[in-house]
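Data file: data.tsv. Format and content: TSV, C-alpha atoms.
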chain	number	residue	atom	x	y	z
A	1	MET	CA	0.00	0.00	0.00
A	2	ASP	CA	1.33	3.45	-0.96
A	3	LEU	CA	2.12	5.14	2.35
A	4	GLU	CA	2.14	8.60	0.77
A	5	ALA	CA	-1.41	8.01	-0.45
A	6	VAL	CA	-2.36	6.86	3.06
A	7	ARG	CA	-0.69	9.94	4.54
A	8	THR	CA	-2.63	12.14	2.11
A	9	PHE	CA	-5.90	10.43	3.01
A	10	ALA	CA	-5.25	11.03	6.73
A	11	ALA	CA	-4.35	14.68	6.05
A	12	ILE	CA	-7.64	15.27	4.18
A	13	ALA	CA	-9.59	13.57	6.96
A	14	GLU	CA	-7.91	15.90	9.46
A	15	ALA	CA	-8.27	19.08	7.40
A	16	GLY	CA	-11.72	18.38	5.92
A	17	GLN	CA	-10.63	19.86	2.58
A	18	PHE	CA	-8.46	18.71	-0.31
A	19	GLN	CA	-7.03	22.24	-0.69
A	20	LYS	CA	-6.06	22.56	2.98
A	21	ALA	CA	-4.49	19.08	2.95
A	22	ALA	CA	-2.45	20.04	-0.13
A	23	ALA	CA	-1.14	23.09	1.68
A	24	ASP	CA	-0.32	21.05	4.81
A	25	LEU	CA	1.57	18.49	2.74
A	26	ALA	CA	3.25	21.13	0.52
A	27	ILE	CA	2.00	19.49	-2.69
A	28	THR	CA	-0.51	20.55	-5.34
A	29	GLN	CA	-4.24	19.91	-5.03
A	30	GLN	CA	-3.99	17.88	-8.24
A	31	ALA	CA	-1.42	15.59	-6.59
A	32	VAL	CA	-3.73	15.17	-3.60
A	33	SER	CA	-6.63	14.17	-5.87
A	34	LYS	CA	-4.45	11.68	-7.79
A	35	ARG	CA	-3.21	10.02	-4.60
A	36	VAL	CA	-6.71	9.64	-3.20
A	37	ALA	CA	-8.01	8.27	-6.52
A	38	ALA	CA	-5.19	5.70	-6.60
A	39	LEU	CA	-5.90	4.68	-3.01
A	40	GLU	CA	-9.62	4.30	-3.71
A	41	ARG	CA	-8.83	2.12	-6.74
A	42	ALA	CA	-6.52	-0.05	-4.64
A	43	LEU	CA	-9.16	-0.47	-1.92
A	44	GLY	CA	-12.14	-0.72	-4.25
A	45	VAL	CA	-14.20	1.80	-2.25
A	46	ARG	CA	-14.88	5.52	-2.11
A	47	LEU	CA	-13.26	7.24	0.83
A	48	PHE	CA	-14.63	10.78	0.54
A	49	THR	CA	-17.79	12.54	-0.56
A	50	ARG	CA	-17.37	16.08	-1.92
A	51	THR	CA	-19.65	18.63	-0.25
A	52	PRO	CA	-19.96	22.44	-0.39
A	53	ARG	CA	-18.02	22.53	2.88
A	54	GLY	CA	-15.17	20.39	1.59
A	55	ALA	CA	-14.68	16.61	1.88
A	56	GLU	CA	-16.49	14.23	4.21
A	57	LEU	CA	-15.51	10.65	4.96
A	58	THR	CA	-17.77	7.94	3.61
A	59	ILE	CA	-18.65	5.00	5.85
A	60	ASP	CA	-15.75	3.11	4.28
A	61	GLY	CA	-13.49	6.10	4.85
A	62	GLN	CA	-14.48	6.21	8.52
A	63	ALA	CA	-13.71	2.49	8.83
A	64	PHE	CA	-10.33	2.90	7.14
A	65	LEU	CA	-9.17	5.99	9.07
A	66	PRO	CA	-7.97	4.35	12.33
A	67	HIS	CA	-6.08	1.72	10.34
A	68	ALA	CA	-4.50	4.42	8.17
A	69	ARG	CA	-3.29	6.25	11.26
A	70	GLU	CA	-1.86	3.03	12.68
A	71	LEU	CA	-0.05	2.35	9.38
A	72	LEU	CA	1.57	5.76	9.61
A	73	ARG	CA	2.57	5.19	13.23
A	74	VAL	CA	4.13	1.84	12.32
A	75	ALA	CA	6.01	3.47	9.45
A	76	GLU	CA	7.37	6.12	11.81
A	77	ARG	CA	8.45	3.49	14.34
A	78	ALA	CA	10.16	1.52	11.54
A	79	ALA	CA	12.07	4.60	10.43
A	80	ALA	CA	12.96	5.55	14.01
A	81	SER	CA	14.40	2.07	14.61
A	82	VAL	CA	17.28	2.86	12.22
A	83	ARG	CA	17.68	6.54	13.09
A	84	ALA	CA	19.65	5.55	16.16
A	85	GLY	CA	21.22	8.90	16.84
A	86	ARG	CA	17.84	10.63	16.96
A	87	ARG	CA	16.09	8.52	19.58
A	88	PRO	CA	16.71	7.52	23.21
A	89	LEU	CA	18.85	4.53	24.10
A	90	ARG	CA	16.32	1.80	24.97
A	91	VAL	CA	17.37	-0.71	27.64
A	92	ASP	CA	15.39	-3.62	29.11
A	93	VAL	CA	15.78	-4.42	32.82
A	94	ILE	CA	14.41	-7.44	34.64
A	95	ASN	CA	12.64	-5.42	37.36
A	96	SER	CA	12.38	-1.89	38.68
A	97	ARG	CA	13.70	-2.46	42.24
A	98	GLY	CA	16.76	-4.62	41.76
A	99	ALA	CA	20.45	-4.02	41.25
A	100	VAL	CA	20.20	-3.68	37.48
A	101	SER	CA	17.85	-0.71	37.84
A	102	GLY	CA	20.44	0.76	40.18
A	103	LEU	CA	23.09	0.29	37.49
A	104	MET	CA	20.94	2.19	34.99
A	105	ARG	CA	20.30	4.98	37.50
A	106	GLY	CA	24.05	5.25	37.94
A	107	PHE	CA	24.54	5.38	34.19
A	108	HIS	CA	21.93	8.12	33.88
A	109	HIS	CA	23.59	10.17	36.63
A	110	ALA	CA	27.00	9.74	34.98
A	111	HIS	CA	25.69	10.60	31.50
A	112	PRO	CA	22.67	12.92	31.91
A	113	ASP	CA	23.09	14.12	28.32
A	114	ILE	CA	22.11	10.69	26.93
A	115	ASP	CA	18.36	10.27	26.40
A	116	LEU	CA	17.33	6.99	28.01
A	117	ASP	CA	14.24	4.77	27.92
A	118	VAL	CA	14.11	1.93	30.47
A	119	LEU	CA	11.49	-0.81	30.05
A	120	MET	CA	10.76	-4.30	31.34
A	121	LEU	CA	10.12	-7.27	29.06
A	122	LEU	CA	8.84	-10.61	30.29
A	123	ASP	CA	11.28	-13.24	29.03
A	124	ILE	CA	14.56	-13.73	27.24
A	125	GLU	CA	12.96	-14.74	23.93
A	126	THR	CA	11.00	-11.49	23.84
A	127	ALA	CA	14.12	-9.52	24.75
A	128	VAL	CA	16.28	-11.19	22.10
A	129	SER	CA	13.62	-10.67	19.42
A	130	ALA	CA	13.36	-7.00	20.41
A	131	ILE	CA	17.15	-6.60	20.21
A	132	ARG	CA	17.28	-8.22	16.78
A	133	SER	CA	14.41	-6.10	15.45
A	134	GLY	CA	15.87	-2.86	16.79
A	135	THR	CA	12.96	-2.26	19.17
A	136	ILE	CA	15.45	-2.09	22.05
A	137	ASP	CA	19.20	-1.56	22.11
A	138	ALA	CA	20.21	-3.75	25.06
A	139	SER	CA	18.84	-6.07	27.72
A	140	PHE	CA	20.01	-7.38	31.08
A	141	ARG	CA	19.55	-11.17	31.28
A	142	ALA	CA	21.03	-14.29	32.82
A	143	VAL	CA	22.52	-16.10	29.84
A	144	ALA	CA	23.10	-18.48	28.27
A	145	MET	CA	20.40	-20.87	29.41
A	146	PRO	CA	20.76	-24.66	29.10
A	147	GLY	CA	20.04	-25.79	25.54
A	148	ARG	CA	19.12	-22.26	24.42
A	149	PRO	CA	22.23	-20.56	23.03
A	150	LEU	CA	22.05	-16.95	21.95
A	151	PRO	CA	21.78	-16.21	18.21
A	152	ALA	CA	25.11	-15.61	16.50
A	153	ASP	CA	24.38	-11.90	15.96
A	154	ILE	CA	23.79	-11.21	19.69
A	155	ASP	CA	26.81	-10.30	21.82
A	156	SER	CA	26.84	-10.45	25.61
A	157	ALA	CA	29.01	-9.64	28.59
A	158	ARG	CA	28.53	-10.47	32.25
A	159	VAL	CA	28.34	-7.19	34.12
A	160	LEU	CA	26.93	-7.84	37.59
A	161	ASP	CA	26.68	-10.56	40.24
A	162	GLU	CA	23.69	-9.89	42.51
A	163	PRO	CA	24.03	-11.67	45.92
A	164	LEU	CA	20.91	-13.23	47.40
A	165	GLN	CA	19.83	-12.93	51.03
A	166	LEU	CA	17.25	-14.81	53.06
A	167	LEU	CA	14.19	-12.79	54.06
A	168	THR	CA	12.18	-14.09	57.04
A	169	GLY	CA	9.49	-12.99	59.42
A	170	PRO	CA	10.26	-12.47	63.15
A	171	ALA	CA	8.99	-15.93	64.17
A	172	HIS	CA	10.97	-17.93	61.62
A	173	ALA	CA	13.43	-20.49	63.01
A	174	LEU	CA	16.36	-18.63	61.40
A	175	ALA	CA	15.17	-15.10	62.17
A	176	ASP	CA	17.82	-14.40	64.82
A	177	ALA	CA	20.78	-15.64	62.77
A	178	THR	CA	23.40	-13.08	61.74
A	179	SER	CA	24.09	-15.22	58.67
A	180	VAL	CA	23.16	-18.66	57.36
A	181	THR	CA	24.96	-21.16	55.18
A	182	VAL	CA	23.24	-22.72	52.21
A	183	ALA	CA	23.37	-26.07	54.01
A	184	GLU	CA	21.36	-24.59	56.91
A	185	LEU	CA	18.52	-23.77	54.49
A	186	VAL	CA	17.87	-27.45	53.75
A	187	GLY	CA	14.45	-28.44	55.11
A	188	HIS	CA	13.13	-24.87	55.21
A	189	ARG	CA	10.43	-23.75	52.76
A	190	ILE	CA	11.59	-20.97	50.45
A	191	TRP	CA	8.58	-19.32	48.81
A	192	MET	CA	9.14	-17.60	45.46
A	193	PRO	CA	5.73	-16.84	43.88
A	194	GLY	CA	5.77	-15.66	40.30
A	195	ILE	CA	8.58	-17.85	38.96
A	196	VAL	CA	7.69	-18.39	35.30
A	197	PRO	CA	8.49	-21.93	34.05
A	198	GLY	CA	11.03	-21.75	31.24
A	199	SER	CA	12.31	-18.30	32.21
A	200	GLU	CA	15.95	-17.65	32.97
A	201	TRP	CA	15.20	-16.89	36.62
A	202	GLY	CA	13.14	-20.11	36.74
A	203	ALA	CA	16.15	-22.04	35.46
A	204	TYR	CA	18.37	-20.29	38.03
A	205	TYR	CA	16.22	-21.31	41.01
A	206	ASP	CA	15.71	-24.84	39.64
A	207	ASP	CA	19.47	-25.31	39.49
A	208	LEU	CA	19.98	-23.72	42.92
A	209	ALA	CA	17.43	-26.09	44.48
A	210	ALA	CA	18.93	-29.13	42.73
A	211	GLU	CA	22.52	-28.22	43.65
A	212	PHE	CA	21.92	-27.85	47.39
A	213	GLY	CA	18.75	-29.87	48.03
A	214	LEU	CA	16.63	-26.82	48.81
A	215	THR	CA	12.84	-26.63	48.85
A	216	ILE	CA	11.85	-23.70	46.62
A	217	GLU	CA	8.10	-23.33	46.10
A	218	SER	CA	6.41	-21.10	43.50
A	219	THR	CA	2.81	-22.03	44.30
A	220	GLY	CA	0.05	-19.45	44.49
A	221	PRO	CA	-0.59	-16.27	42.53
A	222	ASN	CA	1.94	-13.48	42.48
A	223	PHE	CA	0.23	-10.41	43.99
A	224	GLY	CA	3.42	-8.35	44.05
A	225	SER	CA	6.08	-7.53	46.60
A	226	ASP	CA	3.73	-6.01	49.21
A	227	ALA	CA	1.67	-9.21	49.41
A	228	LEU	CA	4.86	-11.30	49.52
A	229	LEU	CA	6.21	-9.28	52.45
A	230	ASP	CA	2.88	-9.52	54.31
A	231	THR	CA	2.86	-13.31	53.93
A	232	ILE	CA	6.49	-13.77	54.98
A	233	ALA	CA	5.92	-11.57	58.04
A	234	ASP	CA	2.86	-13.56	59.13
A	235	THR	CA	4.01	-17.12	58.29
A	236	PRO	CA	6.78	-18.59	60.49
A	237	ALA	CA	7.23	-21.59	58.17
A	238	LEU	CA	8.03	-19.50	55.08
A	239	ALA	CA	11.06	-17.51	53.96
A	240	THR	CA	12.03	-16.08	50.60
A	241	PHE	CA	15.13	-15.08	48.68
A	242	MET	CA	15.73	-11.40	48.10
A	243	SER	CA	18.65	-9.61	46.53
A	244	GLU	CA	20.70	-7.65	49.04
A	245	GLN	CA	20.43	-4.72	46.60
A	246	THR	CA	16.65	-4.85	46.17
A	247	ARG	CA	15.06	-1.73	47.64
A	248	LEU	CA	12.09	-2.61	49.85
A	249	VAL	CA	10.00	-0.77	52.42
A	250	TRP	CA	7.66	-2.54	54.82
A	251	PRO	CA	5.60	-1.58	57.90
A	252	SER	CA	7.62	-1.44	61.11
A	253	GLY	CA	5.37	-4.04	62.70
A	254	HIS	CA	6.38	-6.69	60.16
A	255	GLY	CA	9.72	-7.26	61.88
A	256	LEU	CA	11.27	-8.75	58.73
A	257	ARG	CA	14.89	-9.93	58.78
A	258	ARG	CA	17.38	-9.79	55.88
A	259	ILE	CA	20.01	-12.46	56.52
A	260	PRO	CA	23.22	-12.90	54.46
A	261	ILE	CA	23.78	-16.35	52.93
A	262	THR	CA	27.30	-17.81	52.96
A	263	ASP	CA	29.33	-20.89	52.04
A	264	PRO	CA	28.60	-20.22	49.21
A	265	THR	CA	26.65	-17.03	48.55
A	266	PRO	CA	24.20	-17.57	45.65
A	267	VAL	CA	24.59	-14.72	43.16
A	268	TYR	CA	22.34	-13.96	40.22
A	269	PRO	CA	24.52	-13.43	37.11
A	270	HIS	CA	23.36	-10.44	35.05
A	271	SER	CA	24.72	-10.05	31.53
A	272	LEU	CA	24.20	-7.26	29.03
A	273	LEU	CA	22.92	-8.36	25.61
A	274	TRP	CA	23.12	-6.27	22.44
A	275	HIS	CA	23.12	-6.71	18.65
A	276	ARG	CA	26.64	-6.63	17.28
A	277	ASP	CA	25.54	-4.30	14.43
A	278	ASN	CA	23.54	-1.90	16.60
A	279	PRO	CA	24.57	1.62	15.50
A	280	HIS	CA	23.25	3.63	18.46
A	281	PRO	CA	26.06	6.02	19.42
A	282	ALA	CA	25.32	5.73	23.16
A	283	LEU	CA	25.57	1.92	23.28
A	284	PRO	CA	29.41	1.84	23.49
A	285	THR	CA	29.19	4.39	26.34
A	286	LEU	CA	26.81	2.10	28.23
A	287	ARG	CA	29.04	-0.92	27.67
A	288	THR	CA	32.11	0.97	28.89
A	289	HIS	CA	30.22	2.21	31.94
A	290	LEU	CA	29.22	-1.37	32.82
A	291	THR	CA	32.69	-2.87	32.37
A	292	PRO	CA	33.11	-4.80	35.62
A	293	THR	CA	35.87	-3.88	38.01
A	294	PRO	CA	37.85	-7.00	38.94
A	295	ASP	CA	37.21	-7.94	42.54
A	296	THR	CA	37.79	-10.87	44.85
A	297	PRO	CA	34.65	-12.05	46.69
A	298	THR	CA	35.11	-12.23	50.44
A	299	THR	CA	33.18	-15.53	50.53
A	300	PRO	CA	32.70	-18.29	47.94
A	301	THR	CA	29.87	-17.66	45.50
A	302	TRP	CA	27.61	-19.90	43.40
A	303	THR	CA	26.14	-19.39	39.95
A	304	PRO	CA	24.59	-21.97	37.60
A	305	PRO	CA	27.05	-23.82	35.36
A	306	TRP	CA	25.51	-22.18	32.28
A	307	ALA	CA	26.22	-18.59	33.43
A	308	LEU	CA	28.70	-16.61	31.37
A	309	PRO	CA	32.14	-16.29	32.96
A	310	ARG	CA	33.13	-13.05	34.68
Target format structure tokens, applied to this file:
Amino acid sequence: MDLEAVRTFAAIAEAGQFQKAAADLAITQQAVSKRVAALERALGVRLFTRTPRGAELTIDGQAFLPHARELLRVAERAAASVRAGRRPLRVDVINSRGAVSGLMRGFHHAHPDIDLDVLMLLDIETAVSAIRSGTIDASFRAVAMPGRPLPADIDSARVLDEPLQLLTGPAHALADATSVTVAELVGHRIWMPGIVPGSEWGAYYDDLAAEFGLTIESTGPNFGSDALLDTIADTPALATFMSEQTRLVWPSGHGLRRIPITDPTPVYPHSLLWHRDNPHPALPTLRTHLTPTPDTPTTPTWTPPWALPR
């Protein structure tokens, strides 16, 4: 379908006159008439009725108008996807309260001149498809997952290890511990509602449970972090895993405890994914900003065997 004819149709519908649409589009009225005639032939319907007041949409024209506007929006998004220097850097994060969001806040503070869009996609397949299509420029994920290698045109680098802590209510058997080993968690119920089967975080917790014989339950609906905190506070038999860098606020009466896990400390391995041919000028700045500083963990750590190396 000729997008210029569609654009002309939408301009006439907005202006209500062929002459006004011609002026808005900076073309002749004859060109406007020819484009509309060609579009009507292609569709097999009349789109406008001429009246003394100008041009009115027919019933078919009214039906076509919202689709015409959506076609033009899609065309603009398609063009914007390759005009990298004229749009914000778009980055996908796994959640809004974790360490990765903190990384992006730090990047924004360090580079306030770079326009930035931060969004959250559901799973790694969606994120990879969005990277390959140019919808986003980069994504934070735990890769590569077992049996699901990244496409050859996607590059990645491990940029952050996020340590997990145990979160308990005041009546939990481990609530008064200053730290716990992974072995001490055996036999305790770890409740993680919202784990999506087949997701990278699902694979992470499956491997963590299998490696150390832990009981990790994902039963029940996920009503969000507030409901999770309420349940943990009120249920002595339940605990949950929470990143030590996750920002949470709860009522003072909950009496929740955040307890470090040691020997080893489970860490969630975040990697940055991007398309190797992505031309956005801010992407190299982001990658440089996220280049990890070599460090030596004070305690042993654990990641799944499929995590990218540091």
Counting all atoms listed in the file, the residue among A:Ile154, A:Val91, A:Ala11, A:Ala5 that lies closest to Phe140 in chain A is A:Val91
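Going from CA of Pro260 in chain A over to CA of Ser179 in chain A, you cover 4.9 Å.
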12 Å contact set for Ala152 in chain A, all atoms listed in the file, chain neighbours under 3 positions out, as an NGL selection string
:A and (128 or 132 or 148-149 or 155-156 or 273-277)
Between A:Arg189, A:Arg257, A:Arg310, A:Arg90, which has the minimum distance to Leu160 in chain A (counting only C-alpha atoms)?
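Ranked by minimum distance to Leu160 in chain A, first place goes to A:Arg310.
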Considering all atoms listed in the file, state which residue in the set A:Ser129, A:Ser252, A:Ser271, A:Gln165 is at the smallest distance from Asp230 in chain A.
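For Asp230 in chain A, the nearest of the candidates is A:Ser252.
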Residue contacts of Ala175 in chain A (9 Å, all atoms listed in the file) excluding same-chain residues fewer than 4 positions away, as a list in words:
Leu167, Thr168, Gly169, Pro170, Ala171, Leu256, Arg257, Arg258 and Ile259 of chain A
Enclose the full set of atoms of range 216-230 of chain A listed in the file within a box whose edges lie along x, y and z, apply 8 Å of padding to each of the six sides, and report centre and edge lengths in Å to one decimal as AutoDock Vina command-line options.
--center_x 5.6 --center_y -14.9 --center_z 48.4 --size_x 28.4 --size_y 33.7 --size_z 27.8
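Minimum distance to Pro151 in chain A across A:Ile131, A:Pro300, A:Ala79, A:Arg97 (counting only C-alpha atoms) occurs at A:Ile131.
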Assuming the input is short of atoms at range 36-47 of chain A, produce all heavy atoms for that part as a PDB file, keeping the file's coordinate frame.
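Result went into part16.pdb, see below:
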ATOM      1  N   VAL A  36      -5.474  10.184  -3.758  1.00  0.00           N
ATOM      2  CA  VAL A  36      -6.710   9.640  -3.200  1.00  0.00           C
ATOM      3  C   VAL A  36      -7.379   8.710  -4.205  1.00  0.00           C
ATOM      4  O   VAL A  36      -7.875   7.634  -3.852  1.00  0.00           O
ATOM      5  CB  VAL A  36      -7.652  10.771  -2.775  1.00  0.00           C
ATOM      6  CG1 VAL A  36      -9.027  10.206  -2.408  1.00  0.00           C
ATOM      7  CG2 VAL A  36      -7.069  11.521  -1.591  1.00  0.00           C
ATOM      8  N   ALA A  37      -7.397   9.109  -5.479  1.00  0.00           N
ATOM      9  CA  ALA A  37      -8.010   8.270  -6.520  1.00  0.00           C
ATOM     10  C   ALA A  37      -7.296   6.926  -6.610  1.00  0.00           C
ATOM     11  O   ALA A  37      -7.925   5.870  -6.727  1.00  0.00           O
ATOM     12  CB  ALA A  37      -7.980   8.993  -7.853  1.00  0.00           C
ATOM     13  N   ALA A  38      -5.955   6.955  -6.533  1.00  0.00           N
ATOM     14  CA  ALA A  38      -5.190   5.700  -6.600  1.00  0.00           C
ATOM     15  C   ALA A  38      -5.477   4.828  -5.387  1.00  0.00           C
ATOM     16  O   ALA A  38      -5.607   3.594  -5.507  1.00  0.00           O
ATOM     17  CB  ALA A  38      -3.698   6.013  -6.695  1.00  0.00           C
ATOM     18  N   LEU A  39      -5.605   5.445  -4.217  1.00  0.00           N
ATOM     19  CA  LEU A  39      -5.900   4.680  -3.010  1.00  0.00           C
ATOM     20  C   LEU A  39      -7.286   4.073  -3.083  1.00  0.00           C
ATOM     21  O   LEU A  39      -7.498   2.907  -2.701  1.00  0.00           O
ATOM     22  CB  LEU A  39      -5.759   5.571  -1.778  1.00  0.00           C
ATOM     23  CG  LEU A  39      -5.932   4.910  -0.410  1.00  0.00           C
ATOM     24  CD1 LEU A  39      -4.914   3.797  -0.203  1.00  0.00           C
ATOM     25  CD2 LEU A  39      -5.821   5.954   0.708  1.00  0.00           C
ATOM     26  N   GLU A  40      -8.258   4.819  -3.573  1.00  0.00           N
ATOM     27  CA  GLU A  40      -9.620   4.300  -3.710  1.00  0.00           C
ATOM     28  C   GLU A  40      -9.668   3.143  -4.702  1.00  0.00           C
ATOM     29  O   GLU A  40     -10.382   2.154  -4.472  1.00  0.00           O
ATOM     30  CB  GLU A  40     -10.564   5.429  -4.141  1.00  0.00           C
ATOM     31  CG  GLU A  40     -10.822   6.451  -3.034  1.00  0.00           C
ATOM     32  CD  GLU A  40     -11.712   7.593  -3.474  1.00  0.00           C
ATOM     33  OE1 GLU A  40     -11.704   7.928  -4.684  1.00  0.00           O
ATOM     34  OE2 GLU A  40     -12.419   8.151  -2.617  1.00  0.00           O
ATOM     35  N   ARG A  41      -8.882   3.239  -5.786  1.00  0.00           N
ATOM     36  CA  ARG A  41      -8.830   2.120  -6.740  1.00  0.00           C
ATOM     37  C   ARG A  41      -8.225   0.880  -6.080  1.00  0.00           C
ATOM     38  O   ARG A  41      -8.703  -0.236  -6.274  1.00  0.00           O
ATOM     39  CB  ARG A  41      -8.024   2.508  -7.972  1.00  0.00           C
ATOM     40  CG  ARG A  41      -8.749   3.439  -8.941  1.00  0.00           C
ATOM     41  CD  ARG A  41      -8.048   3.489 -10.293  1.00  0.00           C
ATOM     42  NE  ARG A  41      -6.662   3.960 -10.185  1.00  0.00           N
ATOM     43  CZ  ARG A  41      -6.300   5.230 -10.236  1.00  0.00           C
ATOM     44  NH1 ARG A  41      -7.230   6.186 -10.370  1.00  0.00           N
ATOM     45  NH2 ARG A  41      -5.036   5.567 -10.157  1.00  0.00           N
ATOM     46  N   ALA A  42      -7.177   1.085  -5.299  1.00  0.00           N
ATOM     47  CA  ALA A  42      -6.520  -0.050  -4.640  1.00  0.00           C
ATOM     48  C   ALA A  42      -7.456  -0.727  -3.648  1.00  0.00           C
ATOM     49  O   ALA A  42      -7.457  -1.956  -3.513  1.00  0.00           O
ATOM     50  CB  ALA A  42      -5.238   0.411  -3.953  1.00  0.00           C
ATOM     51  N   LEU A  43      -8.258   0.076  -2.934  1.00  0.00           N
ATOM     52  CA  LEU A  43      -9.160  -0.470  -1.920  1.00  0.00           C
ATOM     53  C   LEU A  43     -10.495  -0.906  -2.487  1.00  0.00           C
ATOM     54  O   LEU A  43     -11.217  -1.687  -1.858  1.00  0.00           O
ATOM     55  CB  LEU A  43      -9.384   0.561  -0.811  1.00  0.00           C
ATOM     56  CG  LEU A  43      -8.152   0.953   0.008  1.00  0.00           C
ATOM     57  CD1 LEU A  43      -8.487   2.112   0.952  1.00  0.00           C
ATOM     58  CD2 LEU A  43      -7.632  -0.236   0.806  1.00  0.00           C
ATOM     59  N   GLY A  44     -10.856  -0.370  -3.635  1.00  0.00           N
ATOM     60  CA  GLY A  44     -12.140  -0.720  -4.250  1.00  0.00           C
ATOM     61  C   GLY A  44     -13.327  -0.053  -3.593  1.00  0.00           C
ATOM     62  O   GLY A  44     -14.455  -0.564  -3.688  1.00  0.00           O
ATOM     63  N   VAL A  45     -13.113   1.079  -2.915  1.00  0.00           N
ATOM     64  CA  VAL A  45     -14.200   1.800  -2.250  1.00  0.00           C
ATOM     65  C   VAL A  45     -13.966   3.298  -2.418  1.00  0.00           C
ATOM     66  O   VAL A  45     -12.854   3.744  -2.718  1.00  0.00           O
ATOM     67  CB  VAL A  45     -14.291   1.469  -0.746  1.00  0.00           C
ATOM     68  CG1 VAL A  45     -14.599   0.003  -0.523  1.00  0.00           C
ATOM     69  CG2 VAL A  45     -12.998   1.866  -0.023  1.00  0.00           C
ATOM     70  N   ARG A  46     -15.020   4.076  -2.190  1.00  0.00           N
ATOM     71  CA  ARG A  46     -14.880   5.520  -2.110  1.00  0.00           C
ATOM     72  C   ARG A  46     -14.602   5.910  -0.672  1.00  0.00           C
ATOM     73  O   ARG A  46     -15.251   5.421   0.263  1.00  0.00           O
ATOM     74  CB  ARG A  46     -16.164   6.216  -2.600  1.00  0.00           C
ATOM     75  CG  ARG A  46     -16.394   6.116  -4.108  1.00  0.00           C
ATOM     76  CD  ARG A  46     -17.582   6.975  -4.505  1.00  0.00           C
ATOM     77  NE  ARG A  46     -17.317   8.402  -4.227  1.00  0.00           N
ATOM     78  CZ  ARG A  46     -18.261   9.333  -4.251  1.00  0.00           C
ATOM     79  NH1 ARG A  46     -19.531   9.007  -4.484  1.00  0.00           N
ATOM     80  NH2 ARG A  46     -17.935  10.596  -4.025  1.00  0.00           N
ATOM     81  N   LEU A  47     -13.660   6.831  -0.508  1.00  0.00           N
ATOM     82  CA  LEU A  47     -13.260   7.240   0.830  1.00  0.00           C
ATOM     83  C   LEU A  47     -13.838   8.591   1.231  1.00  0.00           C
ATOM     84  O   LEU A  47     -14.004   8.865   2.421  1.00  0.00           O
ATOM     85  CB  LEU A  47     -11.733   7.294   0.917  1.00  0.00           C
ATOM     86  CG  LEU A  47     -11.007   5.952   0.699  1.00  0.00           C
ATOM     87  CD1 LEU A  47      -9.509   6.163   0.618  1.00  0.00           C
ATOM     88  CD2 LEU A  47     -11.350   4.965   1.805  1.00  0.00           C
TER      89      LEU A  47
END
